[in-house]
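Have a look at work25.pdb; it's PDB, C-alpha atoms and all ligand atoms:
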```pdb
ATOM      1  CA  MET A 864     -18.611  22.398  -8.218
ATOM      2  CA  VAL A 865     -19.798  19.608 -10.519
ATOM      3  CA  SER A 866     -22.942  18.329  -8.893
ATOM      4  CA  ALA A 867     -23.927  15.718 -11.484
ATOM      5  CA  LEU A 868     -21.240  13.377 -10.121
ATOM      6  CA  PRO A 869     -21.962  11.318  -7.014
ATOM      7  CA  PRO A 870     -20.476  12.938  -3.897
ATOM      8  CA  ALA A 871     -16.919  11.937  -2.950
ATOM      9  CA  VAL A 872     -17.730  11.371   0.712
ATOM     10  CA  ILE A 873     -20.980  11.246   2.649
ATOM     11  CA  PHE A 874     -21.369  10.782   6.393
ATOM     12  CA  GLU A 875     -24.914   9.892   7.380
ATOM     13  CA  GLN A 876     -25.680  10.161  11.075
ATOM     14  CA  VAL A 877     -22.314   8.647  11.987
ATOM     15  CA  SER A 878     -21.675   7.967  15.658
ATOM     16  CA  TYR A 879     -18.616   6.085  16.858
ATOM     17  CA  LYS A 880     -17.313   4.841  20.181
ATOM     18  CA  TYR A 881     -13.835   3.265  20.503
ATOM     19  CA  PRO A 882     -13.674  -0.138  22.214
ATOM     20  CA  ARG A 883     -13.587   0.238  26.006
ATOM     21  CA  SER A 884     -14.396   3.922  25.675
ATOM     22  CA  GLU A 885     -17.293   5.356  27.633
ATOM     23  CA  GLU A 886     -18.006   8.291  25.388
ATOM     24  CA  TYR A 887     -18.785   8.555  21.712
ATOM     25  CA  SER A 888     -15.929  10.227  19.789
ATOM     26  CA  LEU A 889     -18.235  11.029  16.874
ATOM     27  CA  LYS A 890     -21.847  11.997  17.448
ATOM     28  CA  LYS A 891     -24.398  11.974  14.634
ATOM     29  CA  VAL A 892     -21.993  13.423  12.105
ATOM     30  CA  ASN A 893     -23.514  14.458   8.787
ATOM     31  CA  LEU A 894     -21.154  15.563   6.070
ATOM     32  CA  ARG A 895     -21.175  15.797   2.315
ATOM     33  CA  ILE A 896     -18.077  16.487   0.272
ATOM     34  CA  GLU A 897     -18.386  16.714  -3.499
ATOM     35  CA  GLN A 898     -15.847  15.350  -5.970
ATOM     36  CA  GLY A 899     -13.020  17.805  -6.593
ATOM     37  CA  GLU A 900     -13.636  19.779  -3.401
ATOM     38  CA  PHE A 901     -10.884  21.137  -1.199
ATOM     39  CA  ALA A 902     -12.437  20.662   2.223
ATOM     40  CA  VAL A 903     -10.699  21.813   5.384
ATOM     41  CA  ILE A 904     -11.657  20.316   8.733
ATOM     42  CA  THR A 905     -10.729  22.101  11.914
ATOM     43  CA  GLY A 906     -11.618  22.113  15.599
ATOM     44  CA  PRO A 907      -9.936  21.943  18.997
ATOM     45  CA  SER A 908      -7.734  19.024  19.990
ATOM     46  CA  GLY A 909      -9.678  15.870  20.836
ATOM     47  CA  CYS A 910     -12.847  16.907  18.979
ATOM     48  CA  GLY A 911     -12.766  13.859  16.686
ATOM     49  CA  LYS A 912     -10.947  15.007  13.541
ATOM     50  CA  SER A 913      -8.584  12.018  13.339
ATOM     51  CA  THR A 914     -11.421   9.656  14.199
ATOM     52  CA  LEU A 915     -13.400  11.107  11.291
ATOM     53  CA  CYS A 916     -10.413  10.629   8.932
ATOM     54  CA  LYS A 917     -10.122   6.971   9.914
ATOM     55  CA  CYS A 918     -13.778   6.441   9.035
ATOM     56  CA  ILE A 919     -13.197   7.563   5.448
ATOM     57  CA  ASN A 920     -10.894   4.676   4.506
ATOM     58  CA  GLY A 921     -12.719   2.150   6.653
ATOM     59  CA  LEU A 922     -10.004   1.757   9.328
ATOM     60  CA  ILE A 923     -12.944   2.605  11.562
ATOM     61  CA  PRO A 924     -14.726   0.316  12.171
ATOM     62  CA  HIS A 925     -12.928  -2.521  10.309
ATOM     63  CA  SER A 926      -9.560  -2.343  12.104
ATOM     64  CA  TYR A 927     -10.546  -0.549  15.312
ATOM     65  CA  GLY A 928     -13.780  -2.306  16.206
ATOM     66  CA  GLY A 929     -15.908  -0.359  18.685
ATOM     67  CA  THR A 930     -19.489   0.747  18.189
ATOM     68  CA  PHE A 931     -20.263   2.249  14.809
ATOM     69  CA  LYS A 932     -23.645   3.673  13.836
ATOM     70  CA  GLY A 933     -24.754   5.322  10.606
ATOM     71  CA  LYS A 934     -23.049   5.150   7.222
ATOM     72  CA  VAL A 935     -19.969   6.479   5.449
ATOM     73  CA  ILE A 936     -20.215   6.347   1.660
ATOM     74  CA  VAL A 937     -17.148   6.989  -0.500
ATOM     75  CA  HIS A 938     -17.747   7.284  -4.232
ATOM     76  CA  GLY A 939     -20.928   5.280  -3.850
ATOM     77  CA  LYS A 940     -19.308   2.580  -1.701
ATOM     78  CA  CYS A 941     -20.551   2.058   1.837
ATOM     79  CA  THR A 942     -17.408   1.526   3.941
ATOM     80  CA  LEU A 943     -19.153  -1.152   6.002
ATOM     81  CA  GLU A 944     -19.505  -3.322   2.911
ATOM     82  CA  HIS A 945     -15.949  -3.001   1.583
ATOM     83  CA  PRO A 946     -12.646  -4.091   3.170
ATOM     84  CA  VAL A 947      -9.917  -1.565   4.047
ATOM     85  CA  TYR A 948      -7.530  -2.788   1.310
ATOM     86  CA  GLU A 949     -10.186  -2.035  -1.295
ATOM     87  CA  LEU A 950     -11.063   1.369   0.189
ATOM     88  CA  ALA A 951      -7.341   2.164   0.392
ATOM     89  CA  GLN A 952      -7.237   2.320  -3.408
ATOM     90  CA  LEU A 953      -9.947   4.949  -3.354
ATOM     91  CA  VAL A 954      -8.755   6.938  -0.342
ATOM     92  CA  GLY A 955      -5.164   7.944   0.408
ATOM     93  CA  LEU A 956      -4.476   8.841   4.035
ATOM     94  CA  VAL A 957      -1.523  10.978   5.129
ATOM     95  CA  PHE A 958      -0.803  11.337   8.836
ATOM     96  CA  GLN A 959       0.682  14.034  11.016
ATOM     97  CA  ASP A 960       3.954  12.253  11.582
ATOM     98  CA  PRO A 961       5.566  11.346   8.249
ATOM     99  CA  GLU A 962       8.265   9.205   9.881
ATOM    100  CA  SER A 963       5.628   6.714  10.965
ATOM    101  CA  GLN A 964       4.680   6.148   7.312
ATOM    102  CA  LEU A 965       8.138   5.969   5.739
ATOM    103  CA  PHE A 966      10.189   2.806   5.988
ATOM    104  CA  CYS A 967      12.056   2.191   2.704
ATOM    105  CA  SER A 968      15.753   2.936   2.048
ATOM    106  CA  THR A 969      15.141   5.476  -0.744
ATOM    107  CA  VAL A 970      12.394   7.896  -1.716
ATOM    108  CA  GLU A 971      11.968   6.065  -5.030
ATOM    109  CA  LYS A 972      11.425   2.714  -3.291
ATOM    110  CA  GLU A 973       9.068   4.368  -0.847
ATOM    111  CA  ILE A 974       6.816   5.668  -3.619
ATOM    112  CA  ALA A 975       7.028   2.367  -5.531
ATOM    113  CA  PHE A 976       6.159   0.255  -2.485
ATOM    114  CA  GLY A 977       2.376   0.500  -2.652
ATOM    115  CA  LEU A 978       2.424   0.122  -6.441
ATOM    116  CA  GLU A 979       4.454  -3.104  -6.186
ATOM    117  CA  ASN A 980       1.868  -4.426  -3.775
ATOM    118  CA  LEU A 981      -0.797  -3.742  -6.378
ATOM    119  CA  GLY A 982       1.180  -5.992  -8.725
ATOM    120  CA  LEU A 983       1.537  -3.363 -11.445
ATOM    121  CA  PRO A 984       3.989  -3.933 -14.331
ATOM    122  CA  ARG A 985       7.523  -2.511 -13.856
ATOM    123  CA  GLU A 986       7.168   0.228 -16.540
ATOM    124  CA  GLU A 987       3.878   1.396 -15.061
ATOM    125  CA  ILE A 988       5.466   1.597 -11.602
ATOM    126  CA  LEU A 989       8.402   3.629 -12.926
ATOM    127  CA  ALA A 990       6.114   5.987 -14.838
ATOM    128  CA  ARG A 991       3.938   6.566 -11.785
ATOM    129  CA  VAL A 992       6.935   7.103  -9.494
ATOM    130  CA  GLU A 993       8.324   9.726 -11.866
ATOM    131  CA  GLU A 994       4.949  11.411 -12.201
ATOM    132  CA  ALA A 995       4.510  11.572  -8.410
ATOM    133  CA  LEU A 996       8.050  12.922  -7.918
ATOM    134  CA  ASP A 997       7.353  15.675 -10.464
ATOM    135  CA  LEU A 998       3.909  16.542  -9.098
ATOM    136  CA  LEU A 999       5.336  17.001  -5.617
ATOM    137  CA  GLY A1000       8.457  18.809  -6.866
ATOM    138  CA  ILE A1001      10.786  16.285  -5.211
ATOM    139  CA  ALA A1002      12.529  14.661  -8.204
ATOM    140  CA  HIS A1003      15.876  15.755  -6.705
ATOM    141  CA  LEU A1004      15.194  13.611  -3.625
ATOM    142  CA  ARG A1005      14.649  10.409  -5.621
ATOM    143  CA  TYR A1006      17.683   8.473  -4.361
ATOM    144  CA  ARG A1007      17.850   9.980  -0.898
ATOM    145  CA  ALA A1008      16.961   8.082   2.269
ATOM    146  CA  PRO A1009      13.621   9.259   3.702
ATOM    147  CA  TYR A1010      14.943   9.334   7.277
ATOM    148  CA  GLU A1011      17.595  11.940   6.413
ATOM    149  CA  LEU A1012      15.104  14.402   4.889
ATOM    150  CA  SER A1013      13.538  17.424   6.580
ATOM    151  CA  GLY A1014      10.028  17.116   8.004
ATOM    152  CA  GLY A1015       8.508  19.013   5.091
ATOM    153  CA  GLU A1016      10.336  16.868   2.536
ATOM    154  CA  GLN A1017       9.263  13.710   4.340
ATOM    155  CA  GLN A1018       5.668  14.850   4.286
ATOM    156  CA  LYS A1019       5.923  15.423   0.523
ATOM    157  CA  VAL A1020       7.297  11.890   0.096
ATOM    158  CA  ALA A1021       4.371  10.516   2.123
ATOM    159  CA  ILE A1022       1.944  12.473  -0.086
ATOM    160  CA  ALA A1023       3.754  11.305  -3.261
ATOM    161  CA  SER A1024       3.391   7.678  -2.118
ATOM    162  CA  CYS A1025      -0.341   8.225  -1.755
ATOM    163  CA  ILE A1026      -0.754  10.107  -5.027
ATOM    164  CA  ALA A1027       1.107   7.396  -6.987
ATOM    165  CA  MET A1028      -1.742   5.044  -6.041
ATOM    166  CA  ARG A1029      -4.102   7.439  -7.879
ATOM    167  CA  PRO A1030      -6.662   7.783  -5.095
ATOM    168  CA  LYS A1031      -9.875   9.662  -5.787
ATOM    169  CA  VAL A1032      -9.849  11.143  -2.302
ATOM    170  CA  LEU A1033      -6.761  12.370  -0.449
ATOM    171  CA  VAL A1034      -7.213  12.734   3.307
ATOM    172  CA  LEU A1035      -4.480  14.567   5.210
ATOM    173  CA  ASP A1036      -4.595  14.585   8.999
ATOM    174  CA  GLU A1037      -2.697  17.642  10.258
ATOM    175  CA  PRO A1038       0.151  17.172   7.759
ATOM    176  CA  THR A1039       1.843  20.396   8.883
ATOM    177  CA  ALA A1040       1.581  19.874  12.640
ATOM    178  CA  ASN A1041       5.309  19.233  13.077
ATOM    179  CA  LEU A1042       6.547  21.674  10.449
ATOM    180  CA  ASP A1043       7.905  25.211  10.622
ATOM    181  CA  PRO A1044       5.719  27.853   8.920
ATOM    182  CA  LEU A1045       7.708  27.923   5.670
ATOM    183  CA  SER A1046       7.704  24.129   5.211
ATOM    184  CA  ALA A1047       4.031  24.070   6.189
ATOM    185  CA  LYS A1048       3.195  26.568   3.462
ATOM    186  CA  SER A1049       5.209  24.603   0.931
ATOM    187  CA  VAL A1050       3.334  21.370   1.778
ATOM    188  CA  LEU A1051      -0.069  23.092   1.695
ATOM    189  CA  ASP A1052       0.806  24.690  -1.649
ATOM    190  CA  VAL A1053       1.532  21.319  -3.249
ATOM    191  CA  VAL A1054      -1.637  19.813  -1.811
ATOM    192  CA  TYR A1055      -3.645  22.664  -3.306
ATOM    193  CA  ALA A1056      -1.864  22.240  -6.650
ATOM    194  CA  LEU A1057      -2.682  18.508  -6.653
ATOM    195  CA  ASN A1058      -6.328  19.318  -6.090
ATOM    196  CA  LYS A1059      -6.333  21.758  -9.000
ATOM    197  CA  LYS A1060      -4.163  19.730 -11.423
ATOM    198  CA  LEU A1061      -5.538  16.250 -10.804
ATOM    199  CA  GLY A1062      -9.009  17.104  -9.553
ATOM    200  CA  VAL A1063      -8.415  14.798  -6.580
ATOM    201  CA  THR A1064     -10.814  15.534  -3.728
ATOM    202  CA  VAL A1065      -8.857  16.820  -0.738
ATOM    203  CA  ILE A1066      -9.973  16.530   2.869
ATOM    204  CA  LEU A1067      -7.436  18.334   4.987
ATOM    205  CA  VAL A1068      -7.404  18.553   8.776
ATOM    206  CA  GLU A1069      -5.590  21.778   9.537
ATOM    207  CA  HIS A1070      -5.126  24.347  12.300
ATOM    208  CA  ARG A1071      -3.261  26.872  10.213
ATOM    209  CA  LEU A1072      -6.382  28.540   8.907
ATOM    210  CA  GLU A1073      -4.535  31.749   8.064
ATOM    211  CA  MET A1074      -2.626  29.785   5.418
ATOM    212  CA  ILE A1075      -5.374  27.710   3.935
ATOM    213  CA  SER A1076      -8.936  28.845   4.660
ATOM    214  CA  HIS A1077      -9.095  31.210   1.661
ATOM    215  CA  LEU A1078      -8.360  28.246  -0.622
ATOM    216  CA  ALA A1079     -10.949  25.892   0.859
ATOM    217  CA  SER A1080     -14.198  25.230  -0.987
ATOM    218  CA  LYS A1081     -15.715  24.082   2.283
ATOM    219  CA  LEU A1082     -14.788  24.514   5.912
ATOM    220  CA  VAL A1083     -15.989  22.074   8.544
ATOM    221  CA  VAL A1084     -15.710  22.943  12.236
ATOM    222  CA  MET A1085     -15.895  20.079  14.715
ATOM    223  CA  TYR A1086     -16.475  20.335  18.439
ATOM    224  CA  ARG A1087     -16.779  17.514  20.972
ATOM    225  CA  GLY A1088     -17.434  14.832  18.362
ATOM    226  CA  GLU A1089     -19.998  16.849  16.451
ATOM    227  CA  VAL A1090     -19.923  18.908  13.303
ATOM    228  CA  LEU A1091     -20.628  22.354  14.715
ATOM    229  CA  THR A1092     -20.909  24.075  11.357
ATOM    230  CA  GLN A1093     -19.894  23.583   7.731
ATOM    231  CA  GLY A1094     -19.992  25.802   4.676
ATOM    232  CA  PRO A1095     -18.053  28.515   2.841
ATOM    233  CA  PRO A1096     -14.987  29.444   4.958
ATOM    234  CA  ARG A1097     -15.773  33.162   5.226
ATOM    235  CA  LYS A1098     -19.276  32.502   6.416
ATOM    236  CA  VAL A1099     -18.356  29.722   8.837
ATOM    237  CA  LEU A1100     -15.412  31.504  10.457
ATOM    238  CA  PHE A1101     -16.941  34.952  10.856
ATOM    239  CA  SER A1102     -18.203  34.220  14.339
ATOM    240  CA  TRP A1103     -17.086  34.766  17.948
ATOM    241  CA  LYS A1104     -18.436  31.322  18.750
ATOM    242  CA  ILE A1105     -15.722  29.683  16.613
ATOM    243  CA  LEU A1106     -13.066  31.606  18.515
ATOM    244  CA  GLU A1107     -14.609  30.656  21.851
ATOM    245  CA  ILE A1108     -14.345  26.917  21.189
ATOM    246  CA  GLY A1109     -10.601  27.317  20.633
ATOM    247  CA  VAL A1110     -10.201  27.645  16.871
ATOM    248  CA  GLY A1111      -7.476  30.114  15.910
ATOM    249  CA  LEU A1112      -9.131  32.532  13.494
ATOM    250  CA  PRO A1113      -7.093  34.202  10.759
ATOM    251  CA  LYS A1114      -6.087  37.642  12.134
ATOM    252  CA  PRO A1115      -7.831  39.693   9.399
ATOM    253  CA  LEU A1116     -11.083  37.961  10.281
ATOM    254  CA  LEU A1117     -10.596  38.622  13.988
ATOM    255  CA  ILE A1118     -10.035  42.313  13.300
ATOM    256  CA  ALA A1119     -13.140  42.346  11.081
ATOM    257  CA  LEU A1120     -15.179  40.841  13.921
ATOM    258  CA  MET A1121     -13.992  43.653  16.196
ATOM    259  CA  LEU A1122     -14.776  46.250  13.534
ATOM    260  CA  ALA A1123     -18.255  44.774  13.076
ATOM    261  CA  GLU A1124     -18.849  45.166  16.811
ATOM    262  CA  LYS A1125     -18.100  48.860  16.419
ATOM    263  CA  GLY A1126     -20.705  49.077  13.688
ATOM    264  CA  PHE A1127     -18.328  48.928  10.699
ATOM    265  CA  PRO A1128     -20.173  47.273   7.813
ATOM    266  CA  ILE A1129     -18.531  43.969   6.788
ATOM    267  CA  GLU A1130     -20.073  42.538   3.649
ATOM    268  CA  ALA A1131     -17.415  39.996   2.746
ATOM    269  CA  PRO A1132     -15.426  38.879   5.813
ATOM    270  CA  PRO A1133     -11.695  39.077   4.972
ATOM    271  CA  LEU A1134      -9.472  36.013   5.294
ATOM    272  CA  LEU A1135      -6.292  37.577   3.901
ATOM    273  CA  PRO A1136      -4.441  40.705   5.087
ATOM    274  CA  GLU A1137      -4.882  42.346   1.669
ATOM    275  CA  GLU A1138      -8.632  41.752   1.856
ATOM    276  CA  LEU A1139      -8.740  43.516   5.222
ATOM    277  CA  VAL A1140      -6.779  46.434   3.823
ATOM    278  CA  GLU A1141      -9.172  46.621   0.886
ATOM    279  CA  LEU A1142     -12.121  46.560   3.279
ATOM    280  CA  VAL A1143     -10.789  49.395   5.419
ATOM    281  CA  ALA A1144      -9.051  51.530   2.785
ATOM    282  CA  GLY A1145     -10.899  50.356  -0.334
ATOM    283  CA  GLY A1146     -12.049  53.060  -2.703
ATOM    284  CA  GLU A1147     -10.254  55.805  -0.790
ATOM    285  CA  GLU A1148      -7.649  57.944  -2.522
ATOM    286  CA  ARG A1149      -4.195  57.761  -1.012
TER
HETATM  287  N1  LIG A1201      -7.664   4.597  19.933
HETATM  288  C1  LIG A1201      -8.488   5.260  20.762
HETATM  289  N2  LIG A1201      -9.114   4.626  21.788
HETATM  290  C2  LIG A1201      -9.954   5.304  22.609
HETATM  291  N3  LIG A1201     -10.252   6.619  22.494
HETATM  292  C3  LIG A1201      -9.658   7.289  21.504
HETATM  293  C4  LIG A1201      -8.747   6.662  20.584
HETATM  294  N4  LIG A1201      -8.327   7.607  19.701
HETATM  295  C5  LIG A1201      -8.938   8.749  20.056
HETATM  296  N5  LIG A1201      -9.745   8.569  21.120
HETATM  297  C6  LIG A1201     -10.590   9.588  21.756
HETATM  298  O1  LIG A1201     -11.519  10.071  20.817
HETATM  299  C7  LIG A1201     -11.671  11.485  20.929
HETATM  300  C8  LIG A1201     -11.354  12.152  19.608
HETATM  301  O2  LIG A1201      -9.985  11.939  19.324
HETATM  302  P1  LIG A1201      -9.321  12.365  17.957
HETATM  303  O3  LIG A1201     -10.184  11.894  16.850
HETATM  304  O4  LIG A1201      -7.921  11.891  17.978
HETATM  305  O5  LIG A1201      -9.388  13.967  18.043
HETATM  306  P2  LIG A1201      -8.587  15.082  17.234
HETATM  307  O6  LIG A1201      -7.939  14.416  16.058
HETATM  308  O7  LIG A1201      -9.612  16.091  16.853
HETATM  309  O8  LIG A1201      -7.581  15.657  18.177
HETATM  310  C9  LIG A1201     -10.773  11.925  22.075
HETATM  311  O9  LIG A1201     -11.546  12.028  23.236
HETATM  312  C10 LIG A1201      -9.774  10.804  22.184
HETATM  313  O10 LIG A1201      -9.314  10.662  23.503
HETATM  314 MG    MG A1202      -5.940  14.307  15.472
END
```
Translate this structure into structure tokens?
Amino acid sequence: MVSALPPAVIFEQVSYKYPRSEEYSLKKVNLRIEQGEFAVITGPSGCGKSTLCKCINGLIPHSYGGTFKGKVIVHGKCTLEHPVYELAQLVGLVFQDPESQLFCSTVEKEIAFGLENLGLPREEILARVEEALDLLGIAHLRYRAPYELSGGEQQKVAIASCIAMRPKVLVLDEPTANLDPLSAKSVLDVVYALNKKLGVTVILVEHRLEMISHLASKLVVMYRGEVLTQGPPRKVLFSWKILEIGVGLPKPLLIALMLAEKGFPIEAPPLLPEELVELVAGGEER
């Protein structure tokens, strides 16, 4: 990771309580995500993942109100000191339910919408729309109506609309929650490719750890409004504690935990089936 650049996102002792809420939804959250990282955030339902996402583009506290303590700094900008429309150019946010974000009559218009609002020249808008369609592999959907697309296709359109704005940070809040496994994999694959091709920092809230944790540069586990642990995915996930709080561990890792209990030496916890096979059968002649 390039450490000479300022971090993409910093949370400093962030606590947040929604208006009329009794309890804090975020409690003294500290987080640091470098530029170009592929960070995955996970944790049981209600632990504060979506609340954390909304802090990154300033929706919290600017649009939600409530009680906000601490600081969120995105590319050197403290979110408290910059309005949401300005932060929105830095941070793209994709939600769980793509239908709630799509409202134009064609995919092309959908992707162009945000760019038109920026007041960009026509040629620039067209060039960016075409680039986003290609990056997401959805050029064939250009003139289709978003509402008639599959969930996975819709999610790609939502991501394309964000990417066309050239954000430095792309935040995706459970983008695969409503998708079948194959569509989920396809969406996660394009998100990973965007991270690698464009260098855009990705912050992805995801439950499907078996599909994505081996690709993450950092894994953050949240629990009851707090960051329970963060670090390299293998290290963070190789723990019964993570399973106990309700995080679905990748199966190879679960098996490795059981093997470790039986005294089997596990140097590098496996995240993929082939890594588990290598661990158990590695070096042995067939
Ligand atoms: N708009 C809101 N008003 C009040 N409380 C909320 C609101 N949104 C979420 N919460 C509460 O904040 C906590 C964290 O929610 P959320 O960030 O949505 O969790 P997650 O995304 O991890 O499921 C939950 O207890 C939830 O009930
Ligand atoms: Mg959520």
With the cut-off set at 9 Å and counting all atoms listed in the file, tabulate each residue of chain A with an atom at most that distance from an atom of ligand MG 1202 (chain A), showing the nearest atom pair and its distance in Å to one decimal, ordered by chain and increasing number, as a tab-separated table.
```
residue	atom	partner	partner_atom	distance
A:Ser908	CA	A:MG1202	MG	6.8
A:Gly909	CA	A:MG1202	MG	6.7
A:Cys910	CA	A:MG1202	MG	8.2
A:Gly911	CA	A:MG1202	MG	6.9
A:Lys912	CA	A:MG1202	MG	5.4
A:Ser913	CA	A:MG1202	MG	4.1
A:Thr914	CA	A:MG1202	MG	7.3
A:Cys916	CA	A:MG1202	MG	8.7
A:Phe958	CA	A:MG1202	MG	8.9
A:Gln959	CA	A:MG1202	MG	8.0
A:Asp1036	CA	A:MG1202	MG	6.6
A:Glu1037	CA	A:MG1202	MG	7.0
A:Val1068	CA	A:MG1202	MG	8.1
```
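Taking atom CA of A:Val1143 and atom CA of A:Lys1081 as the two end points, the separation is 26.0 Å.
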Let me have all residues with an atom within 12 Å of ligand LIG 1201 (chain A), counting all atoms listed in the file, laid out as a PyMOL selection string.
-> chain A and resi 878-890+904-918+922-924+926-930+958-959+1035-1038+1040+1067-1070+1084-1090+1109-1110
Explicit residue set for the PyMOL selection byres (((chain A and resi 1078) around 12) and not hetatm), as a PyMOL selection string | chain A and resi 900-903+1051-1052+1054-1056+1058-1059+1065+1067+1072-1077+1079-1082+1095-1097+1134-1135
Which one of A:His945, A:His1003, A:Arg991, A:Lys1104 sits closest to A:Ala1023 if you count only C-alpha atoms?
-> A:Arg991
One-decimal distance in Å that lies between atom CA of A:Met1028 and atom CA of A:Glu1016 =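 So the answer is 19.0 Å.
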